[in-house]
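One structure is given here, and the rest of the page talks about it.
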Amino acid sequence: MDTALEQATHQLADALRASEPVIGLREAESTLHAQPASLALLKQTQRIQRRLQAAQQRGDAPPPGVLEQLQQAHEAATADATIMAFAQAQQEAQAQMAELNDDLSEALGMDFASLTGRSGC
């Protein structure tokens, strides 16, 4: 990579690390990992979601009880302040990245995100 481009990349990364959304996400992630019950609940909810998605992708009906389990887990997760703070921080960081992508795309005159797609070919 060109030295100037590499330097600009490091400056962008430094600026992102110092931005409020990224700082907030790191803090929320640390808080989540310091709360074992919240972390376990989030992981449980994600596991149930993956089971449901896998069944849908196969064209199968949801396994018995999975919809009820997901609803219960979702209700518990939305009642958990630590999980909700983490989700909010994730949304804010994602919004910042989307805005950054838009700015880069506009400056380049092409869709930046499509250039970063990984291909198996």
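Chain labels follow the order of the structure tokens: the first chain is A, the next B, and so on; residue numbering restarts at 1 in every chain, and ligands are counted from 1 in their shown order.
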
>> List the spatial neighbours of Ser114 of chain A as an MDAnalysis selection string - criterion: any atom at most 12 Å away, only C-alpha atoms, same-chain residues fewer than 2 positions off excluded.
In response: chainID A and resid 101:102 104:105 110:112 116:119

Restricting the output to C-alpha atoms, write the selected residues as a compact mmCIF listing (two decimals), in the first residue's frame.
```
# COMPACT_ATOMS: atom_id res chain seq x y z
CA ASN A 101 -19.18 4.83 3.96
CA ASP A 102 -21.47 7.41 2.33
CA LEU A 104 -16.12 7.85 1.18
CA SER A 105 -18.44 6.74 -1.62
CA MET A 110 -18.45 4.97 -6.43
CA ASP A 111 -19.85 2.66 -3.77
CA PHE A 112 -16.99 2.19 -1.30
CA THR A 116 -14.54 -4.01 0.13
CA GLY A 117 -16.64 -7.12 -0.56
CA ARG A 118 -14.75 -10.36 -0.12
CA SER A 119 -14.93 -12.94 -2.87
```

Within 10 Å of Ala77 of chain A, counting only C-alpha atoms, which residues show up once you throw out same-chain ones fewer than 4 positions away? Write them as an mmCIF file with N, CA, C and O atoms, in the first residue's frame, please.
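Okay, this is what ended up in out_7.cif:
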```cif
data_model
loop_
_atom_site.group_PDB
_atom_site.id
_atom_site.type_symbol
_atom_site.label_atom_id
_atom_site.label_comp_id
_atom_site.auth_asym_id
_atom_site.auth_seq_id
_atom_site.Cartn_x
_atom_site.Cartn_y
_atom_site.Cartn_z
ATOM 1 N N SER A 38 -26.165 -10.917 31.936
ATOM 2 C CA SER A 38 -26.565 -10.197 30.724
ATOM 3 C C SER A 38 -25.924 -10.821 29.490
ATOM 4 O O SER A 38 -26.582 -11.011 28.462
ATOM 5 N N LEU A 39 -24.664 -11.131 29.586
ATOM 6 C CA LEU A 39 -23.946 -11.729 28.462
ATOM 7 C C LEU A 39 -24.551 -13.084 28.109
ATOM 8 O O LEU A 39 -24.763 -13.394 26.930
ATOM 9 N N LEU A 41 -27.604 -14.100 28.663
ATOM 10 C CA LEU A 41 -28.924 -13.869 28.086
ATOM 11 C C LEU A 41 -28.806 -13.438 26.626
ATOM 12 O O LEU A 41 -29.553 -13.911 25.759
ATOM 13 N N LEU A 42 -27.875 -12.557 26.332
ATOM 14 C CA LEU A 42 -27.672 -12.113 24.956
ATOM 15 C C LEU A 42 -27.253 -13.289 24.074
ATOM 16 O O LEU A 42 -27.790 -13.477 22.976
ATOM 17 N N GLN A 44 -27.804 -16.459 24.587
ATOM 18 C CA GLN A 44 -28.933 -17.376 24.472
ATOM 19 C C GLN A 44 -29.909 -16.871 23.407
ATOM 20 O O GLN A 44 -30.375 -17.644 22.562
ATOM 21 N N THR A 45 -30.205 -15.600 23.440
ATOM 22 C CA THR A 45 -31.118 -15.010 22.465
ATOM 23 C C THR A 45 -30.558 -15.173 21.054
ATOM 24 O O THR A 45 -31.287 -15.549 20.128
ATOM 25 N N GLN A 71 -39.395 -15.361 21.909
ATOM 26 C CA GLN A 71 -40.184 -14.265 22.475
ATOM 27 C C GLN A 71 -39.808 -14.036 23.940
ATOM 28 O O GLN A 71 -39.607 -12.895 24.360
ATOM 29 N N GLN A 72 -39.672 -15.101 24.702
ATOM 30 C CA GLN A 72 -39.294 -14.969 26.112
ATOM 31 C C GLN A 72 -37.900 -14.375 26.257
ATOM 32 O O GLN A 72 -37.672 -13.489 27.088
ATOM 33 N N ALA A 73 -36.964 -14.868 25.451
ATOM 34 C CA ALA A 73 -35.591 -14.358 25.519
ATOM 35 C C ALA A 73 -35.543 -12.891 25.101
ATOM 36 O O ALA A 73 -34.838 -12.085 25.707
ATOM 37 N N ALA A 81 -31.033 -3.678 31.117
ATOM 38 C CA ALA A 81 -30.457 -2.370 30.798
ATOM 39 C C ALA A 81 -29.075 -2.484 30.161
ATOM 40 O O ALA A 81 -28.725 -1.697 29.267
ATOM 41 N N THR A 82 -28.291 -3.461 30.588
ATOM 42 C CA THR A 82 -26.942 -3.636 30.028
ATOM 43 C C THR A 82 -27.010 -4.036 28.560
ATOM 44 O O THR A 82 -26.281 -3.493 27.720
ATOM 45 N N ILE A 83 -27.897 -4.976 28.241
ATOM 46 C CA ILE A 83 -28.054 -5.408 26.853
ATOM 47 C C ILE A 83 -28.581 -4.260 26.003
ATOM 48 O O ILE A 83 -28.113 -4.035 24.882
ATOM 49 N N MET A 84 -29.532 -3.531 26.519
ATOM 50 C CA MET A 84 -30.108 -2.434 25.743
ATOM 51 C C MET A 84 -29.091 -1.313 25.519
ATOM 52 O O MET A 84 -29.046 -0.718 24.441
#
```

>> I want to know what sits within 8 Å of Leu25 of chain A, based on only C-alpha atoms, with residues of the same chain fewer than 6 positions away left out; could you give that as a PyMOL selection string?
In response: chain A and resi 86+89-90+93

> Just how far from atom CA of Gln49 of chain A is atom CA of Pro64 of chain A, in Å to one decimal?
Replying inline: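 Separating atom CA of Pro64 of chain A from atom CA of Gln49 of chain A is a distance of 13.7 Å.
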
>> Among chain A, which residues does DSSP mark as helix (DSSP H, G or I) when it is run on the backbone? Keep the chain and numbering as in the structure and answer as a VMD selection string.
In response: chain A and resid 3 to 17 20 to 33 36 to 58 66 to 78 81 to 108 112 to 115
